[in-house]
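Next comes data.tsv, with TSV, C-alpha atoms.
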chain	number	residue	atom	x	y	z
A	27	MET	CA	-19.83	44.49	2.67
A	28	ARG	CA	-19.94	42.70	6.00
A	29	CYS	CA	-19.64	38.98	6.52
A	30	VAL	CA	-20.99	37.48	9.75
A	31	ILE	CA	-20.65	33.83	10.70
A	32	VAL	CA	-22.53	32.76	13.82
A	33	THR	CA	-23.01	29.42	15.54
A	34	PRO	CA	-25.20	28.78	18.58
A	35	GLU	CA	-22.08	28.81	20.74
A	36	SER	CA	-20.21	31.81	19.41
A	37	THR	CA	-19.77	34.45	16.75
A	38	VAL	CA	-16.97	33.07	14.62
A	39	ARG	CA	-16.49	36.09	12.39
A	40	ASP	CA	-18.00	39.55	12.18
A	41	ALA	CA	-15.92	41.73	9.88
A	42	GLU	CA	-15.68	43.38	6.49
A	43	ALA	CA	-15.23	41.36	3.31
A	44	ASP	CA	-14.69	42.03	-0.38
A	45	PHE	CA	-15.94	38.74	-1.67
A	46	VAL	CA	-17.54	35.65	-0.12
A	47	ALA	CA	-17.85	32.19	-1.64
A	48	VAL	CA	-20.13	29.71	0.11
A	49	THR	CA	-21.09	26.10	-0.51
A	50	LEU	CA	-24.82	25.86	-0.92
A	51	PHE	CA	-26.63	22.52	-0.76
A	52	ASP	CA	-26.11	22.00	-4.50
A	53	GLY	CA	-22.97	23.91	-5.37
A	54	GLU	CA	-20.87	26.97	-4.77
A	55	LEU	CA	-22.11	30.55	-4.83
A	56	GLY	CA	-20.03	33.69	-5.01
A	57	ILE	CA	-21.27	36.89	-3.40
A	58	ALA	CA	-19.84	40.26	-4.32
A	59	PRO	CA	-20.98	43.57	-2.75
A	60	ASN	CA	-24.51	44.75	-3.61
A	61	HIS	CA	-25.79	41.26	-4.17
A	62	THR	CA	-29.53	40.85	-4.50
A	63	PRO	CA	-31.36	39.80	-1.27
A	64	LEU	CA	-31.13	36.07	-0.92
A	65	ILE	CA	-31.93	33.29	1.52
A	66	GLY	CA	-30.21	30.01	0.84
A	67	ARG	CA	-29.68	26.59	2.30
A	68	LEU	CA	-26.06	25.71	2.98
A	69	GLY	CA	-24.33	22.44	2.34
A	70	TYR	CA	-21.27	20.94	4.00
A	71	GLY	CA	-18.17	22.56	2.64
A	72	GLU	CA	-15.86	25.46	2.33
A	73	LEU	CA	-16.58	29.12	2.94
A	74	ARG	CA	-14.00	31.56	1.59
A	75	VAL	CA	-13.84	35.20	2.55
A	76	ARG	CA	-11.56	37.57	0.71
A	77	LEU	CA	-10.61	40.91	2.21
A	78	ALA	CA	-8.00	42.90	0.26
A	79	ASP	CA	-5.29	40.28	-0.32
A	80	ALA	CA	-6.09	38.06	2.60
A	81	LEU	CA	-8.09	34.88	2.10
A	82	GLU	CA	-9.82	33.14	5.00
A	83	ARG	CA	-11.13	29.62	4.72
A	84	TYR	CA	-13.71	27.98	6.95
A	85	TYR	CA	-15.43	24.66	7.06
A	86	VAL	CA	-19.20	25.17	7.45
A	87	GLU	CA	-21.58	22.37	8.33
A	88	GLY	CA	-25.00	23.12	6.87
A	89	GLY	CA	-27.31	25.87	8.04
A	90	LEU	CA	-28.64	28.97	6.36
A	91	LEU	CA	-27.36	31.93	4.45
A	92	GLU	CA	-28.99	35.32	4.30
A	93	VAL	CA	-27.82	38.19	2.14
A	94	VAL	CA	-29.54	41.52	2.66
A	95	GLY	CA	-28.39	45.12	2.67
A	96	ASN	CA	-24.74	44.26	2.03
A	97	VAL	CA	-24.59	41.93	5.02
A	98	VAL	CA	-23.87	38.26	4.47
A	99	SER	CA	-25.08	36.26	7.49
A	100	VAL	CA	-24.17	32.63	7.79
A	101	LEU	CA	-26.11	30.72	10.46
A	102	THR	CA	-24.60	27.34	11.00
A	103	GLU	CA	-24.27	24.71	13.69
A	104	ARG	CA	-20.55	24.44	13.22
A	105	ALA	CA	-17.93	26.66	11.60
A	106	VAL	CA	-14.21	26.00	11.95
A	107	PRO	CA	-11.27	27.78	10.34
A	108	ALA	CA	-9.83	25.42	7.74
A	109	ALA	CA	-6.44	25.32	9.46
A	110	GLN	CA	-8.02	23.94	12.63
A	111	ILE	CA	-9.70	20.94	11.04
A	112	ASP	CA	-8.36	17.71	12.48
A	113	GLU	CA	-7.87	15.51	9.44
A	114	ALA	CA	-7.17	12.41	11.46
A	115	VAL	CA	-10.46	12.72	13.32
A	116	ALA	CA	-12.38	13.30	10.10
A	117	ARG	CA	-10.77	10.29	8.44
A	118	GLN	CA	-11.50	8.13	11.47
A	119	GLN	CA	-15.11	9.27	11.43
A	120	LEU	CA	-15.44	8.43	7.75
A	121	LEU	CA	-13.99	4.96	8.21
A	122	ALA	CA	-16.15	4.26	11.25
A	123	VAL	CA	-19.34	5.28	9.52
A	124	GLN	CA	-18.52	3.28	6.40
A	125	GLU	CA	-17.94	0.13	8.42
A	126	ARG	CA	-21.16	0.44	10.36
A	127	ARG	CA	-24.08	-1.43	8.87
A	128	ALA	CA	-27.08	0.68	7.96
A	129	LEU	CA	-30.27	-1.30	7.62
A	130	THR	CA	-33.14	1.13	8.04
A	131	PRO	CA	-33.75	4.22	5.90
A	132	GLU	CA	-32.96	6.48	8.87
A	133	GLN	CA	-29.62	4.77	9.43
A	134	LEU	CA	-28.86	5.12	5.75
A	135	THR	CA	-29.57	8.85	5.75
A	136	LEU	CA	-27.48	9.29	8.86
A	137	ARG	CA	-24.62	7.37	7.26
A	138	ASP	CA	-24.81	9.46	4.12
A	139	LYS	CA	-24.90	12.63	6.16
A	140	VAL	CA	-21.92	11.79	8.34
A	141	SER	CA	-19.82	10.56	5.42
A	142	ALA	CA	-20.66	13.69	3.41
A	143	GLN	CA	-19.63	15.82	6.40
A	144	SER	CA	-16.33	14.06	6.94
A	145	ARG	CA	-15.53	14.04	3.22
A	146	ALA	CA	-16.22	17.77	3.05
A	147	GLN	CA	-13.92	18.34	6.04
A	148	LEU	CA	-11.11	16.41	4.40
A	149	ARG	CA	-11.60	18.29	1.15
A	150	VAL	CA	-11.51	21.69	2.85
A	151	ALA	CA	-8.43	20.75	4.86
A	152	ARG	CA	-6.64	19.49	1.76
A	153	ARG	CA	-7.40	22.57	-0.26
A	154	ALA	CA	-6.26	24.83	2.55
A	155	LYS	CA	-2.98	22.91	2.76
A	156	ALA	CA	-2.43	23.01	-1.01
A	157	GLN	CA	-2.79	26.79	-1.04
A	158	GLN	CA	-0.24	27.36	1.66
A	159	PRO	CA	3.24	28.31	0.46
B	43	MET	CA	-18.45	29.01	47.52
B	44	GLU	CA	-19.81	32.42	46.73
B	45	LEU	CA	-16.69	33.29	44.76
B	46	ILE	CA	-16.77	30.03	42.84
B	47	ALA	CA	-20.42	30.59	41.97
B	48	THR	CA	-19.63	34.13	40.83
B	49	VAL	CA	-16.89	32.96	38.48
B	50	ARG	CA	-19.10	30.20	37.09
B	51	PHE	CA	-21.97	32.61	36.69
B	52	LYS	CA	-19.83	34.96	34.62
B	53	ARG	CA	-18.70	32.13	32.38
B	54	ALA	CA	-22.25	30.83	31.92
B	55	MET	CA	-23.45	34.36	31.24
B	56	ASP	CA	-20.85	34.84	28.48
B	57	ARG	CA	-22.01	31.65	26.82
B	58	ALA	CA	-25.63	32.70	27.03
B	59	LEU	CA	-24.78	36.05	25.46
B	60	ALA	CA	-22.86	34.33	22.66
B	61	ALA	CA	-25.95	32.32	21.81
B	62	VAL	CA	-28.04	35.48	21.60
B	63	ALA	CA	-26.33	36.53	18.34
B	64	TYR	CA	-27.46	33.31	16.69
B	65	THR	CA	-31.03	33.44	18.01
B	66	GLU	CA	-31.43	37.08	17.03
B	67	ARG	CA	-30.31	36.39	13.48
B	68	MET	CA	-32.50	33.33	13.29
B	69	LYS	CA	-35.46	35.39	14.46
B	70	ALA	CA	-34.71	38.09	11.90
B	71	LEU	CA	-34.46	35.49	9.15
B	72	VAL	CA	-37.83	33.96	10.09
B	73	ASP	CA	-39.25	37.46	10.19
B	74	HIS	CA	-37.97	38.13	6.69
B	75	LEU	CA	-39.34	34.82	5.46
B	76	ILE	CA	-42.81	35.69	6.69
B	77	ARG	CA	-42.61	39.22	5.38
B	78	SER	CA	-41.97	37.87	1.94
B	79	GLY	CA	-45.31	36.11	2.10
B	80	LEU	CA	-44.29	32.54	2.69
B	81	GLN	CA	-47.10	30.08	3.31
B	82	ALA	CA	-45.82	28.23	6.33
B	83	ARG	CA	-46.87	24.60	6.11
B	84	HIS	CA	-44.81	21.94	7.75
B	85	PRO	CA	-45.54	18.89	9.94
B	86	LEU	CA	-43.56	20.47	12.77
B	87	LEU	CA	-45.94	23.42	12.80
B	88	GLU	CA	-49.22	21.58	12.89
B	89	PRO	CA	-50.63	20.66	16.29
B	90	ARG	CA	-52.01	17.13	16.47
B	91	SER	CA	-55.77	16.89	16.92
B	92	THR	CA	-55.48	14.29	19.67
B	93	ILE	CA	-52.54	14.21	21.99
B	94	CYS	CA	-51.84	10.68	23.15
B	95	ARG	CA	-48.18	10.73	23.95
B	96	ALA	CA	-46.62	13.76	25.52
B	97	THR	CA	-43.13	14.21	26.87
B	98	LEU	CA	-42.19	16.48	29.72
B	99	LEU	CA	-38.57	17.48	30.04
B	100	VAL	CA	-37.53	18.93	33.39
B	101	LEU	CA	-34.23	20.77	33.82
B	102	THR	CA	-32.84	20.79	37.34
B	103	ALA	CA	-29.38	21.09	38.83
B	104	ASN	CA	-26.95	18.31	39.61
B	105	ARG	CA	-26.12	19.82	42.95
B	106	GLY	CA	-27.95	21.51	45.78
B	107	LEU	CA	-26.96	24.56	47.82
B	108	CYS	CA	-28.74	26.88	45.44
B	109	GLY	CA	-31.71	28.08	47.44
B	110	GLY	CA	-35.11	27.50	45.93
B	111	TYR	CA	-33.83	26.84	42.41
B	112	ASN	CA	-34.65	23.14	42.24
B	113	SER	CA	-37.78	23.20	44.34
B	114	SER	CA	-39.46	25.91	42.29
B	115	VAL	CA	-38.81	24.03	39.05
B	116	LEU	CA	-40.06	20.79	40.58
B	117	ARG	CA	-43.17	22.41	42.03
B	118	LEU	CA	-44.10	23.67	38.58
B	119	ALA	CA	-43.23	20.31	37.02
B	120	TYR	CA	-45.58	18.38	39.33
B	121	ALA	CA	-48.43	20.77	38.60
B	122	HIS	CA	-47.84	20.64	34.86
B	123	LEU	CA	-47.54	16.86	34.91
B	124	GLU	CA	-51.00	16.60	36.48
B	125	GLN	CA	-52.38	18.92	33.87
B	126	LEU	CA	-50.81	16.95	31.02
B	127	ARG	CA	-52.12	13.67	32.41
B	128	GLN	CA	-55.66	14.98	32.06
B	129	THR	CA	-55.31	15.47	28.32
B	130	ALA	CA	-52.75	12.90	27.26
B	131	ALA	CA	-53.03	9.18	27.96
B	132	ASP	CA	-49.31	8.58	28.11
B	133	VAL	CA	-46.96	11.14	29.60
B	134	ARG	CA	-43.25	10.44	29.54
B	135	LEU	CA	-40.96	12.13	31.99
B	136	GLU	CA	-37.40	13.03	31.17
B	137	VAL	CA	-35.29	14.71	33.80
B	138	SER	CA	-31.90	16.36	33.67
B	139	GLY	CA	-30.02	16.87	36.93
B	140	LYS	CA	-29.46	14.63	39.94
B	141	ARG	CA	-31.66	16.73	42.19
B	142	GLY	CA	-34.68	16.31	39.95
B	143	ILE	CA	-34.05	12.60	39.49
B	144	ALA	CA	-33.89	12.10	43.26
B	145	ALA	CA	-37.09	14.10	43.79
B	146	PHE	CA	-39.04	12.09	41.23
B	147	ARG	CA	-37.70	8.85	42.66
B	148	PHE	CA	-38.89	9.95	46.08
B	149	ARG	CA	-42.36	10.48	44.64
B	150	LYS	CA	-42.13	7.09	42.92
B	151	LEU	CA	-42.78	8.58	39.48
B	152	PRO	CA	-41.19	6.51	36.71
B	153	LEU	CA	-38.62	8.31	34.58
B	154	HIS	CA	-38.16	7.50	30.94
B	155	GLU	CA	-34.79	9.18	30.55
B	156	ARG	CA	-32.38	10.78	32.95
B	157	PHE	CA	-29.42	12.99	32.17
B	158	THR	CA	-26.69	14.05	34.51
B	159	HIS	CA	-24.06	15.14	32.01
B	160	PHE	CA	-25.39	18.68	31.57
B	161	GLU	CA	-23.26	20.65	33.98
B	162	ASP	CA	-22.83	24.42	34.06
B	163	LYS	CA	-21.63	24.54	30.46
B	164	PRO	CA	-23.98	22.62	28.20
B	165	THR	CA	-22.49	22.39	24.69
B	166	PHE	CA	-24.50	22.60	21.52
B	167	ALA	CA	-23.29	19.17	20.41
B	168	GLU	CA	-24.72	17.57	23.56
B	169	VAL	CA	-28.06	19.32	23.20
B	170	ASP	CA	-28.10	18.53	19.48
B	171	VAL	CA	-28.20	14.78	20.17
B	172	LEU	CA	-31.24	15.27	22.35
B	173	ALA	CA	-32.92	17.66	19.92
B	174	THR	CA	-32.43	15.35	16.95
B	175	ARG	CA	-34.00	12.49	18.87
B	176	TYR	CA	-37.04	14.61	19.74
B	177	LEU	CA	-37.43	15.77	16.16
B	178	ASN	CA	-37.30	12.20	14.86
B	179	GLU	CA	-39.74	11.01	17.48
B	180	TYR	CA	-42.14	13.81	16.72
B	181	LEU	CA	-42.00	13.34	12.98
B	182	SER	CA	-42.47	9.59	13.24
B	183	GLY	CA	-45.44	10.05	15.58
B	184	GLN	CA	-43.87	8.58	18.69
B	185	ILE	CA	-44.60	11.76	20.59
B	186	ASP	CA	-47.35	14.28	19.95
B	187	ARG	CA	-46.12	17.06	22.16
B	188	LEU	CA	-42.97	18.14	23.95
B	189	ASP	CA	-43.06	20.42	26.95
B	190	ILE	CA	-40.16	21.71	28.99
B	191	VAL	CA	-39.99	23.00	32.55
B	192	TYR	CA	-36.92	25.07	33.28
B	193	THR	CA	-35.76	28.27	34.93
B	194	LYS	CA	-36.06	31.13	32.53
B	195	PHE	CA	-33.40	33.78	32.72
B	196	GLU	CA	-34.80	37.23	32.18
B	197	SER	CA	-32.15	39.39	33.77
B	198	ALA	CA	-29.47	39.04	36.40
B	199	SER	CA	-32.04	39.96	39.04
B	200	ARG	CA	-35.00	38.02	37.74
B	201	GLN	CA	-35.29	34.31	36.93
B	202	TYR	CA	-38.37	32.17	37.29
B	203	ALA	CA	-39.54	28.65	36.61
B	204	ALA	CA	-41.46	28.44	33.35
B	205	VAL	CA	-43.25	25.89	31.18
B	206	GLU	CA	-42.95	26.04	27.42
B	207	THR	CA	-44.24	23.90	24.60
B	208	LEU	CA	-41.39	23.22	22.21
B	209	LEU	CA	-43.14	20.83	19.83
B	210	PRO	CA	-45.24	21.46	17.83
B	211	ILE	CA	-43.44	24.70	17.05
B	212	GLU	CA	-45.67	27.70	17.53
B	213	PRO	CA	-46.84	29.22	14.25
B	214	LEU	CA	-44.20	31.54	12.89
B	215	GLU	CA	-46.00	34.76	13.45
B	216	GLY	CA	-43.12	36.78	14.69
B	217	HIS	CA	-43.75	40.32	15.77
B	218	LEU	CA	-44.33	42.15	12.53
B	219	GLU	CA	-44.07	45.85	12.80
B	220	PRO	CA	-46.42	47.28	10.21
B	221	ASN	CA	-44.68	50.62	9.87
B	222	ASN	CA	-41.42	48.98	8.85
B	223	HIS	CA	-39.91	49.38	5.42
B	224	ARG	CA	-41.65	47.47	2.69
B	225	ALA	CA	-40.96	43.81	2.15
B	226	VAL	CA	-37.69	42.98	0.48
B	227	GLU	CA	-37.91	40.68	-2.52
B	228	TYR	CA	-35.83	37.66	-1.65
B	229	GLU	CA	-34.41	35.07	-3.90
B	230	PHE	CA	-34.75	31.59	-2.40
B	231	LEU	CA	-32.22	28.92	-3.09
B	232	PRO	CA	-33.54	26.33	-3.77
B	233	SER	CA	-37.13	27.18	-2.68
B	234	ALA	CA	-38.99	28.75	0.20
B	235	GLN	CA	-40.36	25.37	1.28
B	236	SER	CA	-36.89	23.87	1.38
B	237	ILE	CA	-35.63	26.83	3.43
B	238	LEU	CA	-38.48	26.26	5.85
B	239	GLU	CA	-37.42	22.64	6.20
B	240	GLU	CA	-34.01	23.85	7.29
B	241	VAL	CA	-35.20	26.73	9.46
B	242	LEU	CA	-37.69	24.83	11.60
B	243	PRO	CA	-35.41	22.11	12.99
B	244	ALA	CA	-32.64	24.69	13.45
B	245	SER	CA	-34.90	27.05	15.37
B	246	PHE	CA	-36.17	24.18	17.53
B	247	LYS	CA	-32.63	23.09	18.32
B	248	VAL	CA	-31.52	26.56	19.24
B	249	ARG	CA	-34.58	27.05	21.42
B	250	LEU	CA	-33.83	23.88	23.31
B	251	PHE	CA	-30.19	24.93	23.61
B	252	LYS	CA	-31.27	28.30	24.97
B	253	CYS	CA	-33.40	26.57	27.62
B	254	PHE	CA	-30.34	24.66	28.77
B	255	LEU	CA	-28.21	27.81	28.81
B	256	ASP	CA	-30.88	29.75	30.71
B	257	ALA	CA	-31.13	26.97	33.26
B	258	ALA	CA	-27.34	26.92	33.69
B	259	VAL	CA	-27.10	30.68	34.17
B	260	SER	CA	-30.04	30.76	36.57
B	261	GLU	CA	-28.55	27.94	38.60
B	262	GLN	CA	-25.31	29.85	39.08
B	263	ILE	CA	-27.18	33.02	40.05
B	264	ALA	CA	-29.33	31.10	42.52
B	265	ARG	CA	-26.24	29.48	43.98
B	266	ARG	CA	-24.45	32.78	44.27
B	267	VAL	CA	-27.38	34.38	46.08
B	268	ALA	CA	-27.73	31.39	48.39
B	269	MET	CA	-24.02	31.35	49.16
B	270	LYS	CA	-23.92	35.09	49.67
B	271	SER	CA	-26.65	34.94	52.31
B	272	ALA	CA	-24.94	31.93	53.87
B	273	THR	CA	-21.66	33.88	54.12
B	274	GLU	CA	-23.40	36.90	55.59
B	275	ASN	CA	-25.29	34.75	58.03
B	276	ALA	CA	-22.07	33.03	59.10
B	277	GLU	CA	-20.37	36.38	59.61
B	278	LYS	CA	-23.22	37.58	61.80
B	279	MET	CA	-23.08	34.36	63.74
B	280	ILE	CA	-19.32	34.70	64.27
B	281	VAL	CA	-19.82	38.15	65.78
B	282	MET	CA	-22.55	36.89	68.08
B	283	LEU	CA	-20.71	33.75	69.11
B	284	SER	CA	-17.43	35.50	69.81
B	285	MET	CA	-19.28	38.04	71.93
B	286	ALA	CA	-20.97	35.26	73.89
B	287	TYR	CA	-17.63	33.48	74.26
B	288	ASN	CA	-15.86	36.59	75.50
B	289	ARG	CA	-18.61	37.27	77.98
B	290	ALA	CA	-18.47	33.71	79.30
B	291	ARG	CA	-14.68	33.86	79.60
B	292	GLN	CA	-14.85	37.19	81.40
B	293	GLY	CA	-17.49	35.79	83.73
B	294	GLN	CA	-15.31	32.81	84.55
B	295	ILE	CA	-12.29	34.98	85.24
B	296	THR	CA	-14.32	37.24	87.50
B	297	SER	CA	-15.69	34.35	89.49
B	298	GLU	CA	-12.21	32.79	89.84
B	299	LEU	CA	-10.81	36.10	91.04
B	300	LEU	CA	-13.60	36.40	93.57
B	301	GLU	CA	-12.85	32.91	94.83
B	302	ILE	CA	-9.16	33.67	95.24
B	303	LEU	CA	-9.87	36.94	96.98
B	304	SER	CA	-12.38	35.43	99.34
B	305	GLY	CA	-9.97	32.55	100.02
B	306	ALA	CA	-7.16	34.99	100.77
B	307	GLU	CA	-9.42	36.96	103.04
B	308	ALA	CA	-10.37	33.81	104.95
B	309	MET	CA	-6.71	32.83	105.36
B	310	SER	CA	-5.67	36.22	106.69
B	311	LYS	CA	-8.29	36.14	109.40
What does the file become when written as structure tokens?
Amino acid sequence: MRCVIVTPESTVRDAEADFVAVTLFDGELGIAPNHTPLIGRLGYGELRVRLADALERYYVEGGLLEVVGNVVSVLTERAVPAAQIDEAVARQQLLAVQERRALTPEQLTLRDKVSAQSRAQLRVARRAKAQQP
Amino acid sequence: MELIATVRFKRAMDRALAAVAYTERMKALVDHLIRSGLQARHPLLEPRSTICRATLLVLTANRGLCGGYNSSVLRLAYAHLEQLRQTAADVRLEVSGKRGIAAFRFRKLPLHERFTHFEDKPTFAEVDVLATRYLNEYLSGQIDRLDIVYTKFESASRQYAAVETLLPIEPLEGHLEPNNHRAVEYEFLPSAQSILEEVLPASFKVRLFKCFLDAAVSEQIARRVAMKSATENAEKMIVMLSMAYNRARQGQITSELLEILSGAEAMSK
């Protein structure tokens, strides 16, 4: 099975995988080889790829997932390896957005979106750290 | 200058190629969506019956010395602006690049927005801000149509100014090849409609991003060509000028020699 992660700016990963776990908009989904064709909407969260004994973790910010013919394609606006997430920046972003006043519905949705994104980043970073020996 | 442009062109080209992977996959996904018999209905897809407010985005360079790059975009932009004004009551102009801004100021055409921060490497995050604003404006009815004038990059030897309508998004027809394998049964999570809601803004954003990348690559190519001919022209001129200089110097020496000789002759007499 192949797992491809692309963003508009680059191809983050294009290699074999034994198992992929992605965060969809409403929860996690595991994909093993020969999965049924699927198109899904991604949420903000972790993407894990297992190949033999190695485990790769990424933070993925929304986008789409397509599974067809043993190829898992992840189309997202932003994908960062979990080790490269800057926790300080994410925390700052969360604090800033929580302090800002949101009065209109659009501002509220934006606030929810940004805080969900920064919380997801923190979560992914924490989990990656916890797993490290 | 030619060397600098060449290096920049290569870098811009790499970025443009990197974006291709995303657009290709996006296209394939849309293709698969349609193949599975999705009824595409979305406000972003439906053209408005009357177009009152249109926006024209023009992508030019921040700097000159790139041959006809800016002027060909601007020529097309003026023509398209006239055309838009005939159908829409209110046409807003947004221009990226100092050259374009200066040209519109010279013509005394009011600009609604101006951008100068898109250099030779536009990032997705920068374009995303712009794209999100357009999407919100379109969905809330503040604009009825969005057109873009930019330099389309077809190949390293062919780029041309082009007009495209970005909003409303053209119906997702794709290029279905009838002989292809039969439609795959997809599972949609959560639903096809929800997927469409994610696909449409994403495909709009990436299209806008691609316009910026195309413009950046084309600018570097145009600059390289312009600088190459400038270098060649200068070399030719150096040859000509040094020949003229040598001839003049030789002429002066000859005349001085003649003077001395004739002087010496006069003295000896």
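Excluding Ser99 (chain A) and any residue on its chain fewer than 5 positions from it, the residues at most 9 Å away by all atoms listed in the file are Arg28, Cys29, Val30, Ile31, Val32, Leu90, Leu91, Glu92, Val93 and Val94 of chain A; Arg67 of chain B.
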Which neighbours of Thr65 (chain B) fall inside 8 Å, counting all atoms listed in the file, when residues of the same chain fewer than 2 positions from it are skipped, and could you give them as a tab-separated table (two decimals) with C-alpha atoms, in the coordinates of the input?
chain	number	residue	atom	x	y	z
A	34	PRO	CA	-25.20	28.78	18.58
B	61	ALA	CA	-25.95	32.32	21.81
B	62	VAL	CA	-28.04	35.48	21.60
B	63	ALA	CA	-26.33	36.53	18.34
B	67	ARG	CA	-30.31	36.39	13.48
B	68	MET	CA	-32.50	33.33	13.29
B	69	LYS	CA	-35.46	35.39	14.46
B	245	SER	CA	-34.90	27.05	15.37
B	248	VAL	CA	-31.52	26.56	19.24
- Task: Could you list the residues in chain A lying within 7 Å of chain B, using only C-alpha atoms, and format the result as a list of chain:residue names?
- Result: A:Val32, A:Thr33, A:Pro34, A:Glu35, A:Ser36, A:Thr37, A:Pro63, A:Leu64, A:Ile65, A:Gly66, A:Arg67, A:Leu101
Please, could you write that set of residues out with C-alpha atoms as a PDB file, in the frame of the given file?
ATOM      1  CA  VAL A  32     -22.530  32.760  13.820  1.00  0.00           C
ATOM      2  CA  THR A  33     -23.010  29.420  15.540  1.00  0.00           C
ATOM      3  CA  PRO A  34     -25.200  28.780  18.580  1.00  0.00           C
ATOM      4  CA  GLU A  35     -22.080  28.810  20.740  1.00  0.00           C
ATOM      5  CA  SER A  36     -20.210  31.810  19.410  1.00  0.00           C
ATOM      6  CA  THR A  37     -19.770  34.450  16.750  1.00  0.00           C
ATOM      7  CA  PRO A  63     -31.360  39.800  -1.270  1.00  0.00           C
ATOM      8  CA  LEU A  64     -31.130  36.070  -0.920  1.00  0.00           C
ATOM      9  CA  ILE A  65     -31.930  33.290   1.520  1.00  0.00           C
ATOM     10  CA  GLY A  66     -30.210  30.010   0.840  1.00  0.00           C
ATOM     11  CA  ARG A  67     -29.680  26.590   2.300  1.00  0.00           C
ATOM     12  CA  LEU A 101     -26.110  30.720  10.460  1.00  0.00           C
TER      13      LEU A 101
END
- Message: List as a VMD selection string the protein and nucleic acid residues near region 147-152 of chain A, meaning an atom at most 10 Å away when all atoms listed in the file are counted, but skip any in the same chain fewer than 5 places from it.
- Response: chain A and resid 70 to 73 83 to 87 106 to 117 120 141 to 142 157
- Message: Between CA of Asp44 (chain A) and CA of Val75 (chain A), what is the distance in Å, rounded to a tenth?
- Response: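 Computed distance, CA of Asp44 (chain A) to CA of Val75 (chain A), equals 7.5 Å.
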- Task: Kindly provide, as number ranges by chain, the polymer residues lying within 9 Å of (-19.1, 41.6, -2.6), counting only C-alpha atoms and using the coordinates exactly as they appear in the file.
- Result: A: 27-28, 43-46, 56-61, 96
- Message: I'd like the contact shell of Ile143 (chain B) - 12 Å cut-off, all atoms listed in the file, skipping same-chain residues fewer than 6 positions apart - returned as number ranges by chain.
- Response: B: 99-105, 112, 116, 135-137, 149-158
- Item | Computed interatomic separation between CA of Pro243 (chain B) and CA of Ile190 (chain B) (Å) |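 Pair CA of Pro243 (chain B) / CA of Ile190 (chain B) returns 16.7 Å.
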- Item | CA of Ala268 (chain B) to CA of Ala54 (chain B), distance in Å rounded to a single decimal | 17.4 Å
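Minimum atom-to-atom distance to His159 (chain B), evaluated using all atoms listed in the file, belongs to B:Phe254 out of B:Phe254, B:Leu181, B:Cys108, B:Ala198.
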- Surrounding residues of Ala130 (chain B) excluding itself and chain neighbours under 6 positions, 9 Å, all atoms listed in the file, as a ChimeraX atom specification: /B:92-96
